[in-house]
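Chemist: I am sharing target-v2.csv, which consists of CSV, C-alpha atoms:
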chain,number,residue,atom,x,y,z
A,28,MET,CA,112.0,113.3,86.7
A,29,THR,CA,110.3,114.7,83.7
A,30,ASP,CA,106.8,113.9,82.7
A,31,ALA,CA,108.1,112.1,79.6
A,32,ASN,CA,110.4,109.9,81.8
A,33,LYS,CA,107.5,109.1,84.1
A,34,LEU,CA,105.4,108.0,81.2
A,35,ILE,CA,108.2,105.8,79.9
A,36,ARG,CA,108.8,104.3,83.4
A,37,ASP,CA,105.1,103.6,83.9
A,38,ALA,CA,104.9,102.0,80.4
A,39,LEU,CA,107.9,99.8,81.3
A,40,LEU,CA,106.4,98.8,84.6
A,41,GLU,CA,103.1,97.9,83.1
A,42,ALA,CA,104.8,96.0,80.3
A,43,ALA,CA,106.8,94.0,83.0
A,44,ILE,CA,103.6,93.2,84.8
A,45,THR,CA,102.0,91.9,81.5
A,46,LEU,CA,105.1,89.8,80.7
A,47,ALA,CA,105.4,88.5,84.3
A,48,GLN,CA,101.8,87.4,84.1
A,49,GLN,CA,102.4,85.5,80.9
A,50,ARG,CA,105.7,83.9,82.1
A,51,GLY,CA,104.9,83.4,85.7
A,52,GLY,CA,107.6,85.8,87.1
A,53,ALA,CA,109.4,89.0,86.7
A,54,LEU,CA,113.0,88.2,87.7
A,55,GLN,CA,113.9,86.5,84.5
A,56,LEU,CA,112.8,89.4,82.2
A,57,THR,CA,115.3,91.5,80.4
A,58,ILE,CA,115.1,95.2,79.9
A,59,ALA,CA,115.1,94.7,76.2
A,60,GLU,CA,112.0,92.5,76.1
A,61,ILE,CA,110.3,94.8,78.6
A,62,ALA,CA,111.1,97.8,76.3
A,63,ARG,CA,109.8,95.9,73.3
A,64,GLU,CA,106.5,95.0,75.1
A,65,ALA,CA,106.2,98.7,76.1
A,66,SER,CA,106.9,99.9,72.6
A,67,GLU,CA,109.9,101.9,73.9
A,68,SER,CA,113.4,101.8,72.7
A,69,PRO,CA,115.9,99.7,74.6
A,70,GLN,CA,118.1,102.8,74.9
A,71,GLN,CA,115.3,104.7,76.6
A,72,ALA,CA,114.6,101.8,78.9
A,73,GLN,CA,118.3,101.5,79.8
A,74,GLN,CA,118.5,105.2,80.5
A,75,CYS,CA,115.5,104.9,82.9
A,76,TYR,CA,116.8,101.7,84.5
A,77,PRO,CA,120.6,101.3,84.1
A,78,GLU,CA,120.4,98.2,86.4
A,79,MET,CA,117.8,95.5,86.6
A,80,ALA,CA,118.0,95.5,90.4
A,81,VAL,CA,116.8,99.1,90.4
A,82,PHE,CA,114.0,98.2,88.0
A,83,HIS,CA,113.0,95.2,90.1
A,84,ARG,CA,112.8,97.4,93.3
A,85,GLU,CA,110.7,99.9,91.5
A,86,LEU,CA,108.5,97.2,90.1
A,87,LEU,CA,108.1,95.8,93.6
A,88,GLN,CA,107.0,99.3,94.8
A,89,TYR,CA,104.6,99.7,91.9
A,90,LEU,CA,103.0,96.3,92.7
A,91,LEU,CA,102.8,97.1,96.4
A,92,ASP,CA,101.1,100.4,95.4
A,93,LEU,CA,98.6,98.5,93.2
A,94,ALA,CA,97.8,96.2,96.2
A,95,ARG,CA,97.3,99.1,98.5
A,96,ALA,CA,95.1,100.9,95.9
A,97,GLY,CA,92.9,97.8,95.7
A,98,VAL,CA,92.5,97.7,99.5
A,99,ILE,CA,91.8,101.5,99.7
A,100,GLU,CA,89.2,101.2,96.9
A,101,MET,CA,87.2,98.5,98.8
A,102,MET,CA,87.4,100.2,102.2
A,103,PRO,CA,84.5,102.6,101.8
A,104,THR,CA,82.2,99.8,100.8
A,105,ALA,CA,83.0,97.5,103.8
A,106,LYS,CA,81.6,97.9,107.2
A,107,PRO,CA,84.2,99.2,109.7
A,108,GLY,CA,85.8,96.7,112.1
A,109,LEU,CA,86.4,93.0,111.7
A,110,SER,CA,84.5,92.6,108.4
A,111,ARG,CA,86.6,95.3,106.8
A,112,ILE,CA,89.8,93.6,108.0
A,113,ARG,CA,88.7,90.4,106.4
A,114,LYS,CA,87.7,92.1,103.2
A,115,ALA,CA,91.0,94.0,103.1
A,116,PHE,CA,93.1,90.8,103.7
A,117,GLU,CA,91.1,88.9,101.0
A,118,THR,CA,91.7,91.8,98.6
A,119,TYR,CA,95.4,91.8,99.4
A,120,LEU,CA,95.7,88.0,99.0
A,121,ASP,CA,93.8,88.0,95.7
A,122,THR,CA,96.1,90.7,94.4
A,123,ASN,CA,99.1,88.6,95.3
A,124,LEU,CA,97.7,85.8,93.3
A,125,ARG,CA,96.7,88.0,90.4
A,126,HIS,CA,100.2,89.6,90.3
A,127,ARG,CA,102.5,86.7,91.2
A,128,ALA,CA,105.4,89.0,90.5
A,129,LEU,CA,104.5,90.9,93.7
A,130,ARG,CA,105.2,87.9,95.9
A,131,GLU,CA,108.1,86.8,93.8
A,132,LEU,CA,109.8,90.2,94.2
A,133,ALA,CA,108.9,90.5,97.9
A,134,LEU,CA,110.6,87.1,98.6
A,135,HIS,CA,113.5,88.1,96.4
A,136,PHE,CA,114.1,91.4,98.1
A,137,ARG,CA,113.4,90.5,101.7
A,138,ASN,CA,117.2,90.3,102.4
A,139,ASP,CA,118.0,93.4,100.4
A,140,PRO,CA,118.3,96.5,102.6
A,141,ASP,CA,116.2,98.8,100.3
A,142,GLY,CA,113.7,96.1,99.4
A,143,ALA,CA,113.4,94.9,103.0
A,144,GLU,CA,112.8,98.5,104.1
A,145,ARG,CA,110.0,98.9,101.5
A,146,LEU,CA,108.4,95.7,102.7
A,147,ARG,CA,108.8,96.6,106.4
A,148,MET,CA,107.1,100.0,105.8
A,149,ARG,CA,104.2,98.4,104.0
A,150,ALA,CA,103.8,95.8,106.7
A,151,HIS,CA,103.9,98.5,109.3
A,152,GLY,CA,101.1,100.4,107.5
A,153,VAL,CA,99.0,97.3,107.3
A,154,MET,CA,99.5,96.7,111.0
A,155,LEU,CA,98.5,100.2,111.9
A,156,LEU,CA,95.3,100.0,109.8
A,157,THR,CA,94.5,96.6,111.2
A,158,GLN,CA,95.1,97.9,114.7
A,159,MET,CA,92.7,100.8,114.0
A,160,GLU,CA,90.0,98.5,112.7
A,161,LEU,CA,90.4,96.1,115.7
A,162,HIS,CA,90.1,99.1,118.0
A,163,VAL,CA,86.9,100.2,116.3
A,164,ALA,CA,85.6,96.7,116.8
A,165,GLY,CA,86.4,96.9,120.6
A,166,TRP,CA,89.1,94.3,120.3
A,167,PRO,CA,91.3,94.1,123.5
A,168,ASN,CA,95.0,94.3,122.9
A,169,SER,CA,94.6,95.6,119.4
A,170,ALA,CA,98.3,96.4,118.8
A,171,PRO,CA,99.6,92.9,119.4
A,172,ALA,CA,96.6,91.3,117.7
A,173,ALA,CA,97.2,93.5,114.6
A,174,ARG,CA,100.9,92.5,114.6
A,175,LEU,CA,99.9,88.8,114.6
A,176,LEU,CA,97.3,89.3,111.9
A,177,THR,CA,99.7,91.1,109.7
A,178,ALA,CA,102.2,88.3,110.1
A,179,MET,CA,99.5,85.7,109.4
A,180,VAL,CA,98.4,87.4,106.1
A,181,GLN,CA,102.0,87.6,104.9
A,182,ASP,CA,102.5,83.9,105.7
A,183,VAL,CA,99.2,83.0,103.8
A,184,ALA,CA,100.4,85.1,100.8
A,185,ILE,CA,103.7,83.1,100.7
A,186,ALA,CA,101.8,79.7,101.0
A,187,GLU,CA,99.4,80.7,98.2
A,188,PHE,CA,102.3,81.9,96.0
A,189,GLU,CA,104.0,78.5,96.5
A,190,ALA,CA,100.7,76.7,95.7
A,191,ALA,CA,99.8,79.1,92.9
A,192,ALA,CA,96.2,79.1,94.1
A,193,PRO,CA,94.0,80.3,96.9
A,194,LEU,CA,94.2,78.1,100.1
A,195,PRO,CA,90.7,78.5,101.5
A,196,SER,CA,91.4,76.4,104.6
A,197,LEU,CA,94.4,78.5,105.5
A,198,ARG,CA,92.5,81.7,104.9
A,199,GLU,CA,89.6,80.5,107.1
A,200,THR,CA,92.0,79.4,109.8
A,201,MET,CA,93.4,82.9,109.8
A,202,PHE,CA,90.0,84.5,109.8
A,203,ALA,CA,88.9,82.2,112.6
A,204,TYR,CA,91.1,84.3,114.8
A,205,LEU,CA,88.8,87.2,114.2
A,206,SER,CA,85.8,85.1,115.2
A,207,LEU,CA,87.1,84.7,118.8
A,208,PRO,CA,84.9,86.4,121.3
A,209,ALA,CA,86.4,89.9,121.9
A,210,GLY,CA,86.8,89.1,125.6
A,211,GLY,CA,88.5,85.7,124.8
A,212,VAL,CA,91.9,87.2,123.9
A,213,LYS,CA,94.0,87.9,127.0
A,214,ALA,CA,97.2,89.9,127.0
A,215,ALA,CA,100.3,87.9,127.8
A,216,ALA,CA,102.1,88.7,131.1
A,217,PRO,CA,104.9,91.2,130.6
Written as structure tokens, how would this file's structure read?

Modeler:
Amino acid sequence: MTDANKLIRDALLEAAITLAQQRGGALQLTIAEIAREASESPQQAQQCYPEMAVFHRELLQYLLDLARAGVIEMMPTAKPGLSRIRKAFETYLDTNLRHRALRELALHFRNDPDGAERLRMRAHGVMLLTQMELHVAGWPNSAPAARLLTAMVQDVAIAEFEAAAPLPSLRETMFAYLSLPAGGVKAAAP
């Protein structure tokens, strides 16, 4: 991909984010209106994205990368361990609310092979980072605990998407899991 094509693609993705914010979603947008918002020609946009499904997958990846960047940005300022997990999850959930198209596209593509793979890889990365932070905190059984926490944060993100607002009681219930005494979590029998 040439630098010019990358600039056009990035402009189209940013324009889609802007329009999705205004309209409450990305799936109903057309390439022509996205091109207009990006000040690009519809022909250039069509050359970059001949199919809307391709554009939507790339927009999903772009939004996932924005969410990851937000979490990475806050990591050096948070104390390692449980407090950093909480801050990272709050950042992720807030990003989902700020960019509703992220959750909309994630739900849309969860049964699409390529989209599902992107989501699976991202969830796996979250799980590994969570496991590392749990390990630093001395949490027993950090791998299964990280898996549960990753599933919880995804479920909270879906519930907040549906409510179109933060759900503090649901968040606090999830974070209460992190408040359990470290010795209070026992591994299940194999």

Chemist: Can you tell me how far atom CA of His83 of chain A sits from atom CA of Arg130 of chain A, in Å to one decimal?

Modeler: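 Taking atom CA of His83 of chain A and atom CA of Arg130 of chain A, their separation equals 12.2 Å.
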
Chemist: Counting all atoms listed in the file, figure out which residue out of A:Glu160, A:Asp182, A:Glu189, A:Glu131 gets nearest to Leu91 of chain A.

Modeler: A:Glu131

Chemist: Would you please work out which residue, of A:Leu155, A:Ile35, A:Gly165, A:Thr29, is nearest to Ala62 of chain A when using all atoms listed in the file?

Modeler: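 Ranking A:Leu155, A:Ile35, A:Gly165, A:Thr29 by distance to Ala62 of chain A, first place goes to A:Ile35.
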
Chemist: Enumerate, as a list in words, the protein, DNA and RNA residues whose atoms approach (112.9, 95.1, 96.6) to within 9 Å, taking into account only C-alpha atoms and the coordinate frame of the file.

Modeler: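 Residues found, by chain and rising number: Ala80, Val81, His83, Arg84, Glu85, Leu86, Leu87, Gln88, Leu132, Ala133, Leu134, His135, Phe136, Arg137, Asn138, Asp139, Pro140, Asp141, Gly142, Ala143, Glu144, Arg145 and Leu146 of chain A.
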
Chemist: I need the residue nearest His162 of chain A from this list: A:Gly52, A:Pro193, A:Gly108, A:Pro69. Use only C-alpha atoms for the distance.

Modeler: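 Using only C-alpha atoms, the shortest distance to His162 of chain A belongs to A:Gly108.
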
Chemist: Could you tell me which of A:Val180, A:Leu90, A:Ala47, A:Ala38 comes closest to Ser66 of chain A if we count only C-alpha atoms?

Modeler: A:Ala38

Chemist: At a cut-off of 6 Å, using all atoms listed in the file, what residues contact Gln158 of chain A? Leave out same-chain residues fewer than 6 positions from it and give the result as a count of residues only.

Modeler: 3

Chemist: Excluding segment 96-102 of chain A and its own-chain neighbours fewer than 6 positions away, which residues fall within 12 Å of it when counting all atoms listed in the file? Please give them as a ChimeraX atom specification.

Modeler: /A:89-90,108-123,125,153,156-157,160

Chemist: Of the candidates A:Pro167, A:Pro77, A:Pro195, A:Gly51, which one gets nearest to Leu207 of chain A if we count only C-alpha atoms?

Modeler: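 The closest residue to Leu207 of chain A is A:Pro167.
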
Chemist: Figure out the distance between atom CA of Ala94 of chain A and atom CA of Met79 of chain A, please, to one decimal in Å.

Modeler: 22.2 Å
